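*Asks:* Take a look at structure-v7.txt, compact mmCIF, C-alpha atoms:
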# COMPACT_ATOMS: atom_id res chain seq x y z
CA MET A 8 2.24 -34.44 -148.60
CA THR A 9 -0.38 -36.59 -146.86
CA ALA A 10 -0.30 -39.09 -149.70
CA VAL A 11 3.50 -39.34 -149.54
CA ARG A 12 3.37 -39.86 -145.79
CA GLY A 13 0.73 -42.53 -146.22
CA ASP A 14 2.88 -44.31 -148.81
CA ARG A 15 5.82 -44.31 -146.41
CA VAL A 16 3.72 -45.74 -143.59
CA ALA A 17 2.33 -48.41 -145.92
CA GLY A 18 5.86 -49.25 -147.10
CA LEU A 19 7.13 -49.52 -143.55
CA ARG A 20 4.20 -51.72 -142.57
CA SER A 21 4.82 -53.95 -145.59
CA ALA A 22 8.53 -54.22 -144.80
CA LEU A 23 7.88 -55.18 -141.17
CA PHE A 24 4.76 -57.33 -141.56
CA GLY A 25 4.49 -58.22 -145.25
CA ILE A 26 4.16 -61.68 -146.76
CA ALA A 27 7.86 -61.87 -147.68
CA THR A 28 8.88 -60.93 -144.14
CA ARG A 29 6.53 -63.48 -142.57
CA ARG A 30 7.78 -66.21 -144.89
CA ALA A 31 11.40 -65.39 -144.06
CA VAL A 32 10.67 -65.40 -140.32
CA ARG A 33 9.14 -68.85 -140.69
CA ASP A 34 12.18 -70.13 -142.60
CA TYR A 35 14.63 -68.71 -140.09
CA MET A 36 12.75 -70.00 -137.06
CA ARG A 37 12.42 -73.48 -138.54
CA MET A 38 16.14 -73.72 -139.18
CA ILE A 39 17.03 -72.28 -135.77
CA ALA A 40 14.71 -74.84 -134.18
CA LEU A 41 16.37 -77.64 -136.18
CA VAL A 42 19.91 -76.58 -135.22
CA THR A 43 18.82 -76.19 -131.58
CA PHE A 44 17.23 -79.64 -131.62
CA ILE A 45 20.42 -81.22 -133.01
CA LEU A 46 22.61 -79.48 -130.41
CA LEU A 47 20.20 -80.46 -127.65
CA MET A 48 20.16 -84.12 -128.73
CA VAL A 49 23.95 -84.26 -128.80
CA ALA A 50 24.24 -82.61 -125.37
CA TRP A 51 21.55 -84.87 -123.88
CA THR A 52 23.29 -87.97 -125.24
CA ILE A 53 26.64 -86.98 -123.73
CA ASP A 54 25.01 -86.09 -120.42
CA LEU A 55 22.94 -89.26 -120.13
CA ALA A 56 25.95 -91.42 -120.96
CA GLU A 57 27.46 -90.21 -117.66
CA HIS A 58 24.43 -89.81 -115.41
CA PHE A 59 21.92 -92.44 -116.59
CA PRO A 60 23.28 -95.14 -114.21
CA ALA A 61 22.70 -92.82 -111.23
CA LEU A 62 19.14 -92.13 -112.40
CA ARG A 63 18.48 -95.85 -112.78
CA ARG A 64 19.87 -96.67 -109.33
CA ALA A 65 17.75 -93.91 -107.77
CA SER A 66 14.70 -95.28 -109.56
CA GLU A 67 15.33 -98.79 -108.25
CA ASN A 68 16.08 -97.67 -104.69
CA SER A 69 13.02 -95.42 -104.41
CA GLU A 70 10.74 -97.71 -106.46
CA THR A 71 9.93 -94.74 -108.68
CA SER A 72 9.45 -94.85 -112.43
CA LEU A 73 12.69 -94.11 -114.29
CA LEU A 74 10.75 -91.83 -116.62
CA ALA A 75 9.46 -89.80 -113.65
CA LEU A 76 13.07 -89.06 -112.65
CA ALA A 77 14.59 -88.71 -116.11
CA LEU A 78 12.07 -86.30 -117.66
CA PRO A 79 12.43 -83.52 -115.04
CA TYR A 80 16.21 -83.93 -115.16
CA LEU A 81 16.28 -83.66 -118.96
CA GLY A 82 14.05 -80.60 -118.77
CA GLN A 83 16.40 -78.94 -116.29
CA ARG A 84 19.40 -79.79 -118.46
CA ALA A 85 17.59 -78.46 -121.54
CA VAL A 86 17.21 -75.03 -119.95
CA ASP A 87 20.94 -74.83 -119.23
CA ILE A 88 21.88 -76.16 -122.69
CA LEU A 89 19.58 -73.69 -124.43
CA ALA A 90 21.12 -70.79 -122.53
CA ARG A 91 24.55 -71.90 -123.76
CA MET A 92 23.69 -72.89 -127.33
CA LEU A 93 21.04 -70.40 -128.45
CA PRO A 94 23.55 -67.82 -129.81
CA ILE A 95 25.21 -70.56 -131.89
CA ALA A 96 21.83 -71.83 -133.09
CA CYS A 97 20.78 -68.31 -134.10
CA PHE A 98 23.89 -67.79 -136.20
CA PHE A 99 23.97 -71.17 -137.95
CA GLY A 100 20.18 -71.41 -138.26
CA VAL A 101 19.93 -68.08 -140.07
CA PHE A 102 23.13 -68.78 -142.04
CA LEU A 103 21.76 -72.08 -143.40
CA ALA A 104 18.25 -70.74 -143.96
CA GLU A 105 19.64 -67.80 -145.93
CA ILE A 106 21.66 -70.17 -148.13
CA PHE A 107 18.51 -72.13 -148.96
CA ARG A 108 16.54 -68.93 -149.61
CA ARG A 109 19.28 -67.72 -151.94
CA ALA A 110 19.37 -71.09 -153.71
CA ARG A 111 15.59 -70.78 -154.26
CA LEU A 112 16.22 -67.23 -155.61
CA GLU A 113 13.89 -65.68 -153.02
CA THR A 114 16.45 -63.08 -151.93
CA VAL A 115 17.55 -62.51 -155.53
CA ILE A 116 13.97 -61.64 -156.52
CA LEU A 117 13.61 -59.29 -153.56
CA ALA A 118 16.91 -57.56 -154.34
CA THR A 119 16.20 -57.12 -158.05
CA SER A 120 12.75 -55.75 -157.26
CA GLY A 121 14.40 -52.89 -155.38
CA ALA A 122 13.77 -54.08 -151.81
CA SER A 123 15.32 -51.79 -149.23
CA VAL A 124 17.83 -52.87 -146.58
CA LEU A 125 15.03 -52.73 -144.01
CA ARG A 126 12.84 -55.04 -146.03
CA MET A 127 15.72 -57.47 -146.57
CA SER A 128 16.68 -57.54 -142.89
CA ALA A 129 13.30 -57.06 -141.15
CA ALA A 130 12.69 -60.79 -140.79
CA VAL A 131 16.06 -61.53 -139.24
CA LEU A 132 15.62 -58.64 -136.80
CA TRP A 133 12.22 -60.01 -135.72
CA VAL A 134 13.78 -63.44 -135.23
CA GLY A 135 16.68 -61.94 -133.30
CA LEU A 136 14.37 -60.00 -130.99
CA VAL A 137 12.21 -63.05 -130.24
CA THR A 138 15.19 -65.29 -129.51
CA GLY A 139 16.84 -62.43 -127.61
CA VAL A 140 13.88 -62.16 -125.24
CA LEU A 141 14.00 -65.95 -124.79
CA LEU A 142 17.73 -65.89 -124.03
CA GLY A 143 17.24 -63.01 -121.59
CA GLY A 144 14.70 -65.05 -119.65
CA LEU A 145 16.96 -68.09 -119.68
CA GLU A 146 19.97 -66.13 -118.44
CA ALA A 147 18.23 -64.16 -115.69
CA ARG A 148 15.61 -66.54 -114.31
CA TRP A 149 15.14 -69.96 -115.82
CA ARG A 150 18.72 -71.25 -115.91
CA PRO A 151 19.47 -70.37 -112.24
CA ALA A 152 16.17 -72.00 -111.27
CA ALA A 153 17.00 -75.13 -113.29
CA VAL A 154 20.51 -75.36 -111.84
CA TRP A 155 19.29 -75.21 -108.24
CA ALA A 156 16.48 -77.64 -109.02
CA GLN A 157 19.23 -80.09 -110.05
CA VAL A 158 21.04 -79.43 -106.79
CA GLU A 159 17.88 -80.23 -104.84
CA THR A 160 17.19 -83.46 -106.73
CA GLY A 161 20.84 -84.56 -106.52
CA PHE A 162 21.33 -85.54 -110.17
CA GLY A 163 23.96 -84.20 -112.55
CA ASP A 164 27.21 -82.26 -112.41
CA TYR A 165 25.65 -79.23 -110.73
CA ALA A 166 24.32 -81.39 -107.91
CA ARG A 167 27.85 -82.64 -107.31
CA ARG A 168 29.60 -79.29 -107.67
CA PHE A 169 27.13 -77.15 -105.74
CA ARG A 170 25.69 -79.66 -103.28
CA GLN A 171 24.19 -78.11 -100.14
CA ASP A 172 26.45 -79.72 -97.58
CA TRP A 173 29.78 -79.21 -95.88
CA VAL A 174 32.41 -77.96 -98.33
CA GLU A 175 35.63 -79.93 -98.21
CA GLY A 176 38.49 -78.14 -96.47
CA GLU A 177 38.68 -74.99 -94.37
CA ARG A 178 37.98 -71.61 -95.96
CA TRP A 179 39.25 -68.12 -95.22
CA PHE A 180 37.24 -64.89 -95.38
CA VAL A 181 38.54 -61.35 -94.83
CA SER A 182 36.16 -58.66 -93.60
CA GLY A 183 37.81 -55.30 -93.00
CA ASP A 184 40.41 -55.89 -90.27
CA THR A 185 38.94 -59.31 -89.42
CA ALA A 186 39.92 -62.71 -90.82
CA ILE A 187 37.76 -65.82 -90.39
CA ARG A 188 38.71 -69.45 -90.89
CA GLY A 189 36.44 -72.46 -90.70
CA GLU A 190 34.50 -75.16 -92.49
CA VAL A 191 31.48 -73.95 -94.47
CA ARG A 192 28.10 -75.62 -94.74
CA ARG A 193 26.66 -74.38 -98.03
CA THR A 194 22.97 -74.31 -97.10
CA ASP A 195 20.27 -71.67 -96.65
CA PRO A 196 20.82 -70.43 -93.99
CA PRO A 197 24.51 -71.35 -93.97
CA GLU A 198 26.86 -71.95 -91.07
CA MET A 199 30.53 -72.41 -90.25
CA ARG A 200 32.08 -74.79 -87.72
CA ASP A 201 35.47 -74.99 -85.98
CA VAL A 202 35.78 -71.25 -86.42
CA LEU A 203 38.83 -69.11 -85.69
CA LEU A 204 38.30 -65.36 -85.95
CA PHE A 205 41.18 -62.86 -85.82
CA THR A 206 40.54 -59.12 -85.33
CA GLY A 207 43.04 -56.34 -85.92
CA ILE A 208 44.85 -58.03 -88.81
CA ARG A 209 45.66 -54.64 -90.35
CA SER A 210 47.19 -53.38 -87.11
CA PRO A 211 50.69 -54.08 -85.74
CA ARG A 212 49.14 -56.48 -83.22
CA LEU A 213 45.99 -58.58 -83.18
CA THR A 214 43.30 -57.16 -80.92
CA ALA A 215 41.51 -60.46 -80.26
CA ILE A 216 41.27 -64.09 -81.28
CA TYR A 217 37.97 -65.94 -81.06
CA SER A 218 37.52 -69.69 -81.24
CA ALA A 219 33.99 -71.04 -81.62
CA GLY A 220 32.15 -74.19 -82.49
CA GLN A 221 29.78 -72.42 -84.86
CA LEU A 222 29.25 -69.16 -86.74
CA VAL A 223 25.64 -68.54 -87.82
CA PRO A 224 23.80 -65.56 -89.36
CA GLY A 225 22.18 -63.08 -86.99
CA ASP A 226 18.98 -61.10 -87.30
CA GLU A 227 20.45 -58.62 -89.81
CA PRO A 228 22.32 -59.36 -93.08
CA ILE A 229 25.80 -58.44 -91.79
CA ARG A 230 25.28 -59.53 -88.16
CA TRP A 231 26.79 -62.88 -87.18
CA VAL A 232 26.82 -64.89 -83.96
CA LEU A 233 29.65 -67.04 -82.61
CA LEU A 234 28.40 -69.97 -80.50
CA ASP A 235 30.14 -71.97 -77.77
CA GLY A 236 33.55 -70.41 -77.90
CA THR A 237 36.39 -68.63 -76.18
CA ALA A 238 37.94 -65.19 -76.67
CA TRP A 239 41.59 -64.26 -76.13
CA GLN A 240 42.38 -60.55 -75.81
CA PRO A 241 46.01 -59.35 -75.51
CA LYS A 242 44.89 -56.04 -73.96
CA GLU A 243 43.51 -57.94 -71.00
CA GLY A 244 46.86 -59.55 -70.33
CA GLY A 245 46.19 -62.52 -72.55
CA GLN A 246 43.07 -63.43 -70.62
CA THR A 247 40.80 -66.14 -72.09
CA LEU A 248 37.04 -65.79 -71.65
CA ASP A 249 34.38 -68.39 -72.42
CA PHE A 250 31.06 -67.40 -74.01
CA GLU A 251 27.87 -69.09 -75.18
CA ASP A 252 27.16 -66.59 -77.93
CA PHE A 253 28.89 -63.48 -79.16
CA ALA A 254 27.38 -61.17 -81.81
CA LEU A 255 29.55 -59.14 -84.17
CA THR A 256 29.28 -57.20 -87.44
CA LEU A 257 31.16 -58.45 -90.50
CA GLU A 258 31.31 -57.41 -94.15
CA LEU A 259 29.88 -60.82 -94.91
CA ILE A 260 26.34 -61.88 -95.81
CA PRO A 261 24.74 -65.35 -95.82
CA GLU A 262 24.89 -65.47 -99.63
CA ASN A 263 28.70 -65.48 -99.41
CA LEU A 264 28.49 -68.89 -97.76
CA THR A 265 25.33 -70.31 -99.34
CA TYR A 266 26.78 -69.85 -102.84
CA LEU A 267 30.44 -70.39 -101.98
CA GLY A 268 32.35 -71.46 -105.11
CA VAL A 269 29.34 -71.02 -107.41
CA PRO A 270 29.91 -68.88 -110.55
CA GLU A 271 27.94 -65.67 -110.23
CA PHE A 272 25.91 -66.14 -113.43
CA TYR A 273 24.26 -69.23 -111.86
CA LEU A 274 22.96 -67.26 -108.88
CA PRO A 275 19.33 -66.21 -108.46
CA GLN A 276 18.75 -62.52 -109.10
CA ALA A 277 18.06 -61.71 -105.44
CA ALA A 278 21.34 -63.29 -104.32
CA LEU A 279 23.26 -61.50 -107.06
CA ARG A 280 21.80 -58.15 -106.01
CA ALA A 281 22.64 -58.85 -102.37
CA LEU A 282 26.26 -59.56 -103.25
CA ASP A 283 26.43 -56.46 -105.44
CA ALA A 284 25.29 -54.32 -102.51
CA LEU A 285 28.01 -55.67 -100.20
CA PRO A 286 30.89 -53.17 -99.74
CA ARG A 287 34.27 -54.26 -101.03
CA TYR A 288 32.97 -57.60 -102.30
CA ARG A 289 35.99 -59.63 -103.36
CA ASN A 290 34.38 -60.82 -106.62
CA ALA A 291 33.09 -57.41 -107.69
CA ALA A 292 34.12 -57.94 -111.32
CA GLN A 293 32.29 -61.27 -111.56
CA VAL A 294 29.12 -59.90 -109.98
CA ASP A 295 29.20 -56.83 -112.22
CA VAL A 296 29.58 -58.91 -115.38
CA ALA A 297 26.83 -61.32 -114.30
CA LEU A 298 24.40 -58.42 -113.77
CA TRP A 299 25.32 -56.78 -117.07
CA ARG A 300 24.96 -60.12 -118.88
CA ARG A 301 21.34 -60.34 -117.75
CA ILE A 302 20.66 -56.84 -119.05
CA THR A 303 22.44 -57.09 -122.42
CA VAL A 304 22.39 -60.78 -123.39
CA TRP A 305 19.32 -60.29 -125.61
CA LEU A 306 21.58 -58.45 -128.07
CA ALA A 307 23.57 -61.61 -128.82
CA PRO A 308 20.89 -63.46 -130.85
CA VAL A 309 19.99 -60.27 -132.74
CA SER A 310 23.57 -59.53 -133.73
CA PHE A 311 24.53 -63.13 -134.56
CA ALA A 312 21.36 -63.74 -136.58
CA LEU A 313 22.02 -60.59 -138.61
CA LEU A 314 25.64 -61.64 -139.08
CA GLY A 315 24.53 -65.09 -140.26
CA MET A 316 22.26 -63.56 -142.91
CA VAL A 317 24.91 -61.16 -144.20
CA LEU A 318 27.70 -63.75 -144.32
CA ALA A 319 25.47 -66.24 -146.16
CA GLN A 320 24.72 -63.59 -148.81
CA ALA A 321 28.44 -62.87 -149.14
CA GLY A 322 29.07 -66.52 -150.01
CA PHE A 323 27.39 -66.14 -153.39
CA THR A 324 28.56 -64.54 -156.61
CA GLY A 325 25.37 -63.68 -158.40
CA ARG A 326 23.41 -66.94 -158.40
CA GLN A 327 26.47 -69.13 -157.98
CA MET A 328 27.24 -70.67 -154.59
CA ARG A 329 30.90 -70.49 -153.52
CA ILE A 330 31.35 -73.47 -151.18
CA PRO A 331 34.91 -72.71 -149.96
CA ARG A 332 33.94 -69.09 -149.33
CA LEU A 333 30.83 -70.15 -147.38
CA ILE A 334 32.91 -72.50 -145.22
CA GLY A 335 35.36 -69.70 -144.44
CA LEU A 336 32.53 -67.27 -143.68
CA ALA A 337 30.89 -69.85 -141.39
CA ALA A 338 34.19 -70.18 -139.51
CA LEU A 339 34.40 -66.39 -139.24
CA GLY A 340 30.89 -66.21 -137.84
CA TYR A 341 31.55 -69.03 -135.39
CA SER A 342 34.64 -67.15 -134.16
CA ALA A 343 32.42 -64.12 -133.53
CA VAL A 344 30.02 -66.29 -131.51
CA VAL A 345 32.90 -67.75 -129.47
CA SER A 346 34.14 -64.22 -128.76
CA LEU A 347 31.00 -63.77 -126.63
CA LYS A 348 32.40 -66.06 -123.94
CA VAL A 349 35.91 -64.65 -124.40
CA PHE A 350 34.64 -61.14 -123.64
CA TRP A 351 32.67 -62.42 -120.63
CA ALA A 352 35.75 -64.20 -119.28
CA LEU A 353 37.91 -61.10 -119.69
CA GLY A 354 35.30 -59.08 -117.83
CA SER A 355 35.12 -61.59 -114.98
CA LEU A 356 38.90 -61.42 -114.63
CA GLY A 357 38.73 -57.63 -114.38
CA VAL A 358 40.62 -57.07 -117.65
CA LEU A 359 37.62 -55.33 -119.24
CA SER A 360 34.86 -53.27 -117.65
CA ALA A 361 31.49 -55.01 -117.35
CA PRO A 362 29.76 -52.87 -120.05
CA LEU A 363 32.60 -53.47 -122.52
CA ALA A 364 32.78 -57.19 -121.69
CA THR A 365 29.06 -57.74 -122.27
CA LEU A 366 28.61 -55.42 -125.27
CA GLY A 367 31.89 -56.27 -127.01
CA ALA A 368 30.80 -59.42 -128.86
CA PRO A 369 27.44 -58.03 -130.12
CA ALA A 370 29.25 -54.86 -131.23
CA LEU A 371 31.80 -57.01 -133.07
CA ALA A 372 29.02 -58.97 -134.81
CA PHE A 373 27.16 -55.80 -135.79
CA GLY A 374 30.43 -54.31 -137.05
CA LEU A 375 31.22 -57.35 -139.21
CA ALA A 376 27.69 -57.36 -140.60
CA ALA A 377 27.92 -53.65 -141.45
CA LEU A 378 31.29 -54.18 -143.13
CA PHE A 379 30.01 -56.98 -145.37
CA LEU A 380 26.84 -55.01 -146.17
CA TRP A 381 28.97 -52.04 -147.18
CA ARG A 382 31.17 -54.22 -149.38
CA THR A 383 28.09 -55.80 -150.99
CA ALA A 384 26.57 -52.39 -151.62
Would you mind giving the structure from this file in structure tokens?

*Replies:*
Amino acid sequence: MTAVRGDRVAGLRSALFGIATRRAVRDYMRMIALVTFILLMVAWTIDLAEHFPALRRASENSETSLLALALPYLGQRAVDILARMLPIACFFGVFLAEIFRRARLETVILATSGASVLRMSAAVLWVGLVTGVLLGGLEARWRPAAVWAQVETGFGDYARRFRQDWVEGERWFVSGDTAIRGEVRRTDPPEMRDVLLFTGIRSPRLTAIYSAGQLVPGDEPIRWVLLDGTAWQPKEGGQTLDFEDFALTLELIPENLTYLGVPEFYLPQAALRALDALPRYRNAAQVDVALWRRITVWLAPVSFALLGMVLAQAGFTGRQMRIPRLIGLAALGYSAVVSLKVFWALGSLGVLSAPLATLGAPALAFGLAALFLWRTA
């Protein structure tokens, strides 16, 4: 019994850490790195074609080296691009690497020698876990940090879309039975100007109307202060009263204004948690999906890498490569990768629950891989 148990442990160790597994991991990682590099170069080229003139003008105006401005910007863009492209790179990298391994008969030799499913898939699972941890870090921490670093430096699309300044046009917010209208300054801390605040909007009659020059955060998260304004109260016979400051409680936190119009998955974790804790938050579905994405996104590289390996094996008949079949299988796998964003979008719209929206695409990839493995078996 002890000898049998020892053989099983040795077999498991060999499957997980053996020479064949290490060689396969190296092949997969090399091809994933190559696909990632190609995607990154293409994305950088497209981005620089639009934003290089602005970088050059900033370099000339500040008498700073162009390289000193361009390198940090490219690094920040790389983090965002990697977060977007890593699932695609994992699928196509493993798919192509598996084709080359099959063409060299490496997988054929392993299969004919009686290698188990674990031994055949151990390498791709290791690769998927490593890239999954990387994607989890990108999604939760590094991409939000890179996006807001771009906003601070003022270069790129994010700097234009999320600039920390006055947002064009007046905005409305509803907090319980209170409605607020004003112009928003998207800074930390934020503020509003030319504010009109209506209380009692859910009652037959308004209870008060406040007009103020500014609305700024108070000492507590949901406490706000109106500055330099007037109050009109119907109960007092329509009397108008002037005030220098007036404190009130609203179902509104500074993050609502600081990140106004910013997709939730770009927000720092602390801001996302603050919004999630706010009662009756109007974008509850988006916040929920963003939080679940950061918990479950590591499954995407694992599932797509496994799917890439299985589909590449299905493109062969014995030792013969079937090119049309491989092209069709690559398209099928790419559709599975695209479904990741489709599920996320459906979750953000409230069509699917957050767990289903974030686990749907990995479950689909695992299901397709299991189906092709069953058919091969």

*Asks:* Taking only C-alpha atoms into account, name the residue in A:Gly183, A:Gly220, A:Pro331, A:Pro275 that is nearest to Ala152 of chain A.

*Replies:*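 Using only C-alpha atoms, Ala152 of chain A sits closest to A:Pro275.
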
*Asks:* Quick one: residues within 8 Å of Thr303 of chain A, all atoms listed in the file counted, chain neighbours fewer than 6 positions away excluded, as a list in words?

*Replies:*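 Listing them by chain and then by number gives Gly143, Thr365 and Leu366 of chain A.
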
*Asks:* Nearest to Ala278 of chain A: which of A:Thr214, A:Gly340, A:Thr43, A:Pro151 is it, counting all atoms listed in the file?

*Replies:*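 Of A:Thr214, A:Gly340, A:Thr43, A:Pro151, the one nearest Ala278 of chain A, counting all atoms listed in the file, is A:Pro151.
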
*Asks:* Please list as a list in words every residue within 8 Å of Asp235 of chain A, counting all atoms listed in the file and excluding residues in the same chain fewer than 4 positions away.

*Replies:*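 Surrounding residues, per the criterion: Ala219, Gly220, Gln221, Asp249, Phe250, Glu251 and Asp252 of chain A.
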
*Asks:* Which value, in Å to one decimal, gives the distance between atom CA of Gly315 of chain A and atom CA of Ala129 of chain A?

*Replies:* 13.8 Å

*Asks:* Mind pulling up the distance from atom CA of Val309 of chain A to atom CA of Gly357 of chain A?

*Replies:*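 Spanning atom CA of Gly357 of chain A to atom CA of Val309 of chain A is a straight-line distance of 26.4 Å.
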
*Asks:* I need the residue nearest Gln171 of chain A from this list: A:Gly322, A:Pro197, A:Pro94, A:Gly374. Use all atoms listed in the file for the distance.

*Replies:*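 The shortest atom-to-atom distance to Gln171 of chain A comes from A:Pro197.
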
*Asks:* Within 12 Å of Gln157 of chain A, counting all atoms listed in the file, which residues qualify if same-chain residues fewer than 2 places away don't, as a PDB file with C-alpha atoms, in the coordinates of the input?

*Replies:*
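Below you can see result21.pdb, which holds the result:
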ATOM      1  CA  LEU A  76      13.070 -89.060-112.650  1.00  0.00           C
ATOM      2  CA  ALA A  77      14.590 -88.710-116.110  1.00  0.00           C
ATOM      3  CA  PRO A  79      12.430 -83.520-115.040  1.00  0.00           C
ATOM      4  CA  TYR A  80      16.210 -83.930-115.160  1.00  0.00           C
ATOM      5  CA  LEU A  81      16.280 -83.660-118.960  1.00  0.00           C
ATOM      6  CA  GLY A  82      14.050 -80.600-118.770  1.00  0.00           C
ATOM      7  CA  GLN A  83      16.400 -78.940-116.290  1.00  0.00           C
ATOM      8  CA  ARG A  84      19.400 -79.790-118.460  1.00  0.00           C
ATOM      9  CA  ALA A  85      17.590 -78.460-121.540  1.00  0.00           C
ATOM     10  CA  VAL A  86      17.210 -75.030-119.950  1.00  0.00           C
ATOM     11  CA  ASP A  87      20.940 -74.830-119.230  1.00  0.00           C
ATOM     12  CA  ARG A 150      18.720 -71.250-115.910  1.00  0.00           C
ATOM     13  CA  PRO A 151      19.470 -70.370-112.240  1.00  0.00           C
ATOM     14  CA  ALA A 152      16.170 -72.000-111.270  1.00  0.00           C
ATOM     15  CA  ALA A 153      17.000 -75.130-113.290  1.00  0.00           C
ATOM     16  CA  VAL A 154      20.510 -75.360-111.840  1.00  0.00           C
ATOM     17  CA  TRP A 155      19.290 -75.210-108.240  1.00  0.00           C
ATOM     18  CA  GLU A 159      17.880 -80.230-104.840  1.00  0.00           C
ATOM     19  CA  THR A 160      17.190 -83.460-106.730  1.00  0.00           C
ATOM     20  CA  GLY A 161      20.840 -84.560-106.520  1.00  0.00           C
ATOM     21  CA  PHE A 162      21.330 -85.540-110.170  1.00  0.00           C
ATOM     22  CA  GLY A 163      23.960 -84.200-112.550  1.00  0.00           C
ATOM     23  CA  ASP A 164      27.210 -82.260-112.410  1.00  0.00           C
ATOM     24  CA  TYR A 165      25.650 -79.230-110.730  1.00  0.00           C
ATOM     25  CA  ALA A 166      24.320 -81.390-107.910  1.00  0.00           C
ATOM     26  CA  ARG A 167      27.850 -82.640-107.310  1.00  0.00           C
ATOM     27  CA  ARG A 168      29.600 -79.290-107.670  1.00  0.00           C
ATOM     28  CA  PHE A 169      27.130 -77.150-105.740  1.00  0.00           C
ATOM     29  CA  ARG A 170      25.690 -79.660-103.280  1.00  0.00           C
ATOM     30  CA  GLN A 171      24.190 -78.110-100.140  1.00  0.00           C
TER      31      GLN A 171
END

*Asks:* Considering only C-alpha atoms, return as JSON, numbers by chain whatever protein or nucleic-acid residues lie within 7 Å of Gly189 of chain A, sequence-local ones (same chain, fewer than 4 positions apart) excluded.

*Replies:* {"A": [177, 178, 179, 199, 200, 201, 202, 203]}

*Asks:* I need the residue nearest Gln276 of chain A from this list: A:Met48, A:Ile260, A:Ala297, A:Ala90. Use only C-alpha atoms for the distance.

*Replies:*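 Of A:Met48, A:Ile260, A:Ala297, A:Ala90, the one nearest Gln276 of chain A is A:Ala297, counting only C-alpha atoms.
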
*Asks:* For the atom pair atom CA of Arg230 of chain A and atom CA of Thr256 of chain A, what is the interatomic distance in Å to one decimal place?

*Replies:*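 So the two atoms, atom CA of Arg230 of chain A and atom CA of Thr256 of chain A, lie 4.7 Å apart.
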
*Asks:* Could you check which of A:Val101, A:Leu313, A:Ala372, A:Ala361 is closest to Leu339 of chain A, using all atoms listed in the file?

*Replies:*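 That would be A:Ala372, the residue with the smallest distance to Leu339 of chain A.
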
*Asks:* Nearest to Phe102 of chain A among A:Thr194, A:Thr237, A:Gln320, A:Ser210, with distances taken over all atoms listed in the file: which residue is it?

*Replies:*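 Checking each of A:Thr194, A:Thr237, A:Gln320, A:Ser210 against Phe102 of chain A, counting all atoms listed in the file, the winner is A:Gln320.
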
*Asks:* Using all atoms listed in the file, what residues lie at most 10 Å away from (32.5, -62.4, -112.9) (file coordinates), given as JSON, numbers by chain?

*Replies:* {"A": [270, 271, 272, 290, 291, 292, 293, 294, 295, 296, 297, 298, 300, 351, 352, 353, 354, 355, 356, 357, 361]}

*Asks:* Please work out which residues fall within 6 Å of (43.9, -62.0, -81.0), coordinates as given in the file, with all atoms listed in the file counting, and return them as a ChimeraX atom specification.

*Replies:* /A:205,213-216,239-240

*Asks:* What's the 12 Å shell around Arg109 of chain A, counting all atoms listed in the file, without same-chain residues fewer than 6 positions away, as a list in words?

*Replies:*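 Listing them by chain and then by number gives Ala31, Asp34, Val101, Phe102, Leu103, Val115, Ile116, Leu117, Ala118, Met316, Val317, Ala319, Gln320, Ala321, Gly322, Phe323, Thr324, Gly325, Arg326, Gln327 and Met328 of chain A.
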